[in-house]
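Structure file work-v9.cif; described as mmCIF, C-alpha atoms; chains and numbers go by the auth columns.
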data_work
#
loop_
_atom_site.group_PDB
_atom_site.id
_atom_site.type_symbol
_atom_site.label_atom_id
_atom_site.label_comp_id
_atom_site.label_asym_id
_atom_site.label_seq_id
_atom_site.Cartn_x
_atom_site.Cartn_y
_atom_site.Cartn_z
_atom_site.B_iso_or_equiv
_atom_site.auth_seq_id
_atom_site.auth_asym_id
ATOM 1 C CA MET A 1 12.836 5.653 3.250 0.00 1 A
ATOM 2 C CA ARG A 2 13.840 8.282 0.693 0.00 2 A
ATOM 3 C CA ASP A 3 16.402 5.907 -0.889 0.00 3 A
ATOM 4 C CA THR A 4 13.787 3.159 -1.083 0.00 4 A
ATOM 5 C CA ILE A 5 11.278 5.428 -2.795 0.00 5 A
ATOM 6 C CA ASN A 6 13.853 6.869 -5.202 0.00 6 A
ATOM 7 C CA GLY A 7 15.050 3.374 -6.093 0.00 7 A
ATOM 8 C CA ARG A 8 11.525 2.189 -6.799 0.00 8 A
ATOM 9 C CA LEU A 9 10.689 5.304 -8.840 0.00 9 A
ATOM 10 C CA GLY A 10 13.375 4.183 -11.303 0.00 10 A
ATOM 11 C CA ARG A 11 11.068 1.330 -12.336 0.00 11 A
ATOM 12 C CA TYR A 12 8.464 3.729 -13.672 0.00 12 A
ATOM 13 C CA THR A 13 8.254 5.874 -16.795 0.00 13 A
ATOM 14 C CA LEU A 14 7.845 9.351 -15.362 0.00 14 A
ATOM 15 C CA GLN A 15 6.856 11.312 -18.468 0.00 15 A
ATOM 16 C CA THR A 16 4.702 13.865 -16.702 0.00 16 A
ATOM 17 C CA ARG A 17 3.986 15.186 -13.241 0.00 17 A
ATOM 18 C CA ASP A 18 0.851 12.986 -13.138 0.00 18 A
ATOM 19 C CA TYR A 19 2.903 9.861 -13.911 0.00 19 A
ATOM 20 C CA PHE A 20 5.286 10.774 -11.082 0.00 20 A
ATOM 21 C CA TYR A 21 2.428 11.444 -8.666 0.00 21 A
ATOM 22 C CA ASN A 22 0.697 8.140 -9.509 0.00 22 A
ATOM 23 C CA ALA A 23 3.966 6.189 -9.229 0.00 23 A
ATOM 24 C CA LEU A 24 4.652 7.752 -5.835 0.00 24 A
ATOM 25 C CA ARG A 25 1.148 6.878 -4.599 0.00 25 A
ATOM 26 C CA GLU A 26 1.561 3.298 -5.786 0.00 26 A
ATOM 27 C CA ILE A 27 4.925 2.941 -4.036 0.00 27 A
ATOM 28 C CA LEU A 28 3.497 4.328 -0.801 0.00 28 A
ATOM 29 C CA GLN A 29 0.613 1.842 -1.032 0.00 29 A
ATOM 30 C CA GLN A 30 3.107 -1.001 -1.488 0.00 30 A
ATOM 31 C CA VAL A 31 5.160 0.180 1.501 0.00 31 A
ATOM 32 C CA THR A 32 1.973 0.419 3.565 0.00 32 A
ATOM 33 C CA LEU A 33 0.986 -3.139 2.665 0.00 33 A
ATOM 34 C CA LEU A 34 4.490 -4.406 3.433 0.00 34 A
ATOM 35 C CA GLY A 35 4.438 -2.728 6.842 0.00 35 A
ATOM 36 C CA ARG A 36 1.048 -4.210 7.601 0.00 36 A
ATOM 37 C CA TRP A 37 2.216 -7.655 6.507 0.00 37 A
ATOM 38 C CA ARG A 38 5.344 -7.387 8.704 0.00 38 A
ATOM 39 C CA SER A 39 3.159 -6.549 11.706 0.00 39 A
ATOM 40 C CA SER A 40 0.964 -9.670 11.136 0.00 40 A
ATOM 41 C CA PHE A 41 -1.953 -7.381 10.315 0.00 41 A
ATOM 42 C CA PHE A 42 -3.215 -9.847 7.720 0.00 42 A
ATOM 43 C CA ASP A 43 -3.593 -12.546 10.372 0.00 43 A
ATOM 44 C CA HIS A 44 -6.530 -10.435 11.581 0.00 44 A
ATOM 45 C CA ALA A 45 -7.685 -8.513 8.523 0.00 45 A
ATOM 46 C CA ALA A 46 -8.053 -8.689 4.766 0.00 46 A
ATOM 47 C CA SER A 47 -7.511 -6.151 2.030 0.00 47 A
ATOM 48 C CA TYR A 48 -10.248 -5.753 -0.562 0.00 48 A
ATOM 49 C CA GLY A 49 -11.321 -3.324 -3.235 0.00 49 A
ATOM 50 C CA ARG A 50 -9.722 -1.849 -6.335 0.00 50 A
ATOM 51 C CA THR A 51 -6.229 -1.451 -4.861 0.00 51 A
ATOM 52 C CA SER A 52 -6.133 -5.133 -3.950 0.00 52 A
ATOM 53 C CA LEU A 53 -7.389 -6.159 -7.369 0.00 53 A
ATOM 54 C CA ARG A 54 -4.720 -4.054 -9.063 0.00 54 A
ATOM 55 C CA LEU A 55 -1.848 -5.306 -6.924 0.00 55 A
ATOM 56 C CA LEU A 56 -2.850 -8.978 -6.678 0.00 56 A
ATOM 57 C CA TYR A 57 -4.166 -9.503 -10.197 0.00 57 A
ATOM 58 C CA CYS A 58 -2.269 -6.772 -12.104 0.00 58 A
ATOM 59 C CA LEU A 59 -5.492 -5.162 -13.268 0.00 59 A
ATOM 60 C CA ASP A 60 -5.345 -1.805 -15.011 0.00 60 A
ATOM 61 C CA ARG A 61 -7.130 0.291 -12.413 0.00 61 A
ATOM 62 C CA PHE A 62 -5.992 2.668 -9.718 0.00 62 A
ATOM 63 C CA SER A 63 -7.553 3.657 -6.458 0.00 63 A
ATOM 64 C CA GLU A 64 -6.196 6.064 -3.885 0.00 64 A
ATOM 65 C CA ASP A 65 -7.883 4.440 -0.936 0.00 65 A
ATOM 66 C CA MET A 66 -7.032 1.113 0.623 0.00 66 A
ATOM 67 C CA ASP A 67 -9.850 -0.971 2.022 0.00 67 A
ATOM 68 C CA PHE A 68 -9.419 -3.375 4.941 0.00 68 A
ATOM 69 C CA SER A 69 -11.781 -5.410 7.032 0.00 69 A
ATOM 70 C CA LEU A 70 -11.216 -7.449 10.159 0.00 70 A
ATOM 71 C CA LEU A 71 -11.738 -11.168 9.575 0.00 71 A
ATOM 72 C CA ALA A 72 -13.754 -11.325 12.795 0.00 72 A
ATOM 73 C CA PRO A 73 -14.909 -8.691 15.301 0.00 73 A
ATOM 74 C CA ASP A 74 -12.102 -7.917 17.739 0.00 74 A
ATOM 75 C CA PRO A 75 -12.607 -5.063 20.220 0.00 75 A
ATOM 76 C CA THR A 76 -8.943 -5.344 21.283 0.00 76 A
ATOM 77 C CA PHE A 77 -7.549 -4.842 17.767 0.00 77 A
ATOM 78 C CA SER A 78 -5.035 -2.011 17.446 0.00 78 A
ATOM 79 C CA PHE A 79 -3.286 -0.415 14.473 0.00 79 A
ATOM 80 C CA GLU A 80 -0.308 0.529 16.673 0.00 80 A
ATOM 81 C CA PRO A 81 1.905 -2.449 15.663 0.00 81 A
ATOM 82 C CA CYS A 82 1.306 -1.498 12.027 0.00 82 A
ATOM 83 C CA GLY A 83 2.732 1.967 12.601 0.00 83 A
ATOM 84 C CA ASP A 84 5.878 0.559 14.171 0.00 84 A
ATOM 85 C CA ALA A 85 6.356 -1.817 11.210 0.00 85 A
ATOM 86 C CA LEU A 86 5.834 1.037 8.723 0.00 86 A
ATOM 87 C CA GLU A 87 8.556 3.073 10.395 0.00 87 A
ATOM 88 C CA ARG A 88 10.967 0.159 10.103 0.00 88 A
#
So that I can check it, write out the structure of this file as structure tokens.
Amino acid sequence: MRDTINGRLGRYTLQTRDYFYNALREILQQVTLLGRWRSSFFDHAASYGRTSLRLLYCLDRFSEDMDFSLLAPDPTFSFEPCGDALER
């Protein structure tokens, strides 16, 4: 994971500590979304909010939180497969 993050940090201009911190947060959000996609999370849920707008439409806004909603109520839904995919 460290090599992945370091490789992706090279794509950013890290002029200050704040730039580094924001780049790191963005990379971790991307990794989180990738892990959720790999676990078929988005077959059951959708991402919405400012983070989605920024990533999907390249808007100039940043949000620390990531918003998700199930597409339909599902009392058996579990985040466990997402965790396994994130570790991979």
Discussion item. Please return as a list in words every residue within 8 Å of (-11.9, -8.6, 11.0), taking into account only C-alpha atoms and the file's own coordinates.
Written reply: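 The answer, in the requested form, is His44, Ala45, Ala46, Ser69, Leu70, Leu71, Ala72, Pro73 and Asp74 of chain A.
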Preceding selection exported with C-alpha atoms as a JSON list (two decimals), in the frame of the given file:
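Output saved as selection-v6.json:
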[["chain", "number", "residue", "atom", "x", "y", "z"],
["A", 44, "HIS", "CA", -6.53, -10.44, 11.58],
["A", 45, "ALA", "CA", -7.68, -8.51, 8.52],
["A", 46, "ALA", "CA", -8.05, -8.69, 4.77],
["A", 69, "SER", "CA", -11.78, -5.41, 7.03],
["A", 70, "LEU", "CA", -11.22, -7.45, 10.16],
["A", 71, "LEU", "CA", -11.74, -11.17, 9.57],
["A", 72, "ALA", "CA", -13.75, -11.32, 12.80],
["A", 73, "PRO", "CA", -14.91, -8.69, 15.30],
["A", 74, "ASP", "CA", -12.10, -7.92, 17.74]]
Discussion item. Running the PyMOL selection byres ((chain A and resi 13-26) around 12) on this model by hand, what would come out? Give it as a list of chain:residue names.
Written reply: A:Arg2, A:Thr4, A:Ile5, A:Asn6, A:Gly7, A:Arg8, A:Leu9, A:Gly10, A:Arg11, A:Tyr12, A:Ile27, A:Leu28, A:Gln29, A:Gln30, A:Val31, A:Thr32, A:Leu33, A:Thr51, A:Ser52, A:Arg54, A:Leu55, A:Arg61, A:Phe62, A:Ser63, A:Glu64, A:Asp65, A:Met66
Worksheet entry | From A:Ala85, A:Glu80, A:Phe68, A:Met1, residue lying nearest Ser47 (chain A) [only C-alpha atoms] |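 Closest to Ser47 (chain A) of all the choices is A:Phe68.
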Worksheet entry | Counting only C-alpha atoms, the option among A:Asp3, A:Ser39, A:Leu34, A:Gly49 closest to Asp84 (chain A) |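 Checking each of A:Asp3, A:Ser39, A:Leu34, A:Gly49 against Asp84 (chain A), counting only C-alpha atoms, the winner is A:Ser39.
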Box time for region 26-41 of chain A: axis-aligned, enclosing all its listed atoms, 6 Å extra on each side; report centre and edge lengths in Å to one decimal, as AutoDock Vina command-line options.
--center_x 1.7 --center_y -2.7 --center_z 3.0 --size_x 19.3 --size_y 26.0 --size_z 29.5
Worksheet entry | CA of Ser78 (chain A) to CA of Phe42 (chain A), distance in Å rounded to a single decimal | 12.6 Å
Worksheet item: What does the distance between CA of Leu56 (chain A) and CA of Gly83 (chain A) come to in Å, to one decimal place?
Response: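 So the answer is 22.9 Å.
Each of A:Thr76, A:Trp37, A:Leu86, A:Asp67 was compared to Arg50 (chain A) using all atoms listed in the file, and A:Asp67 turns out to be the nearest.
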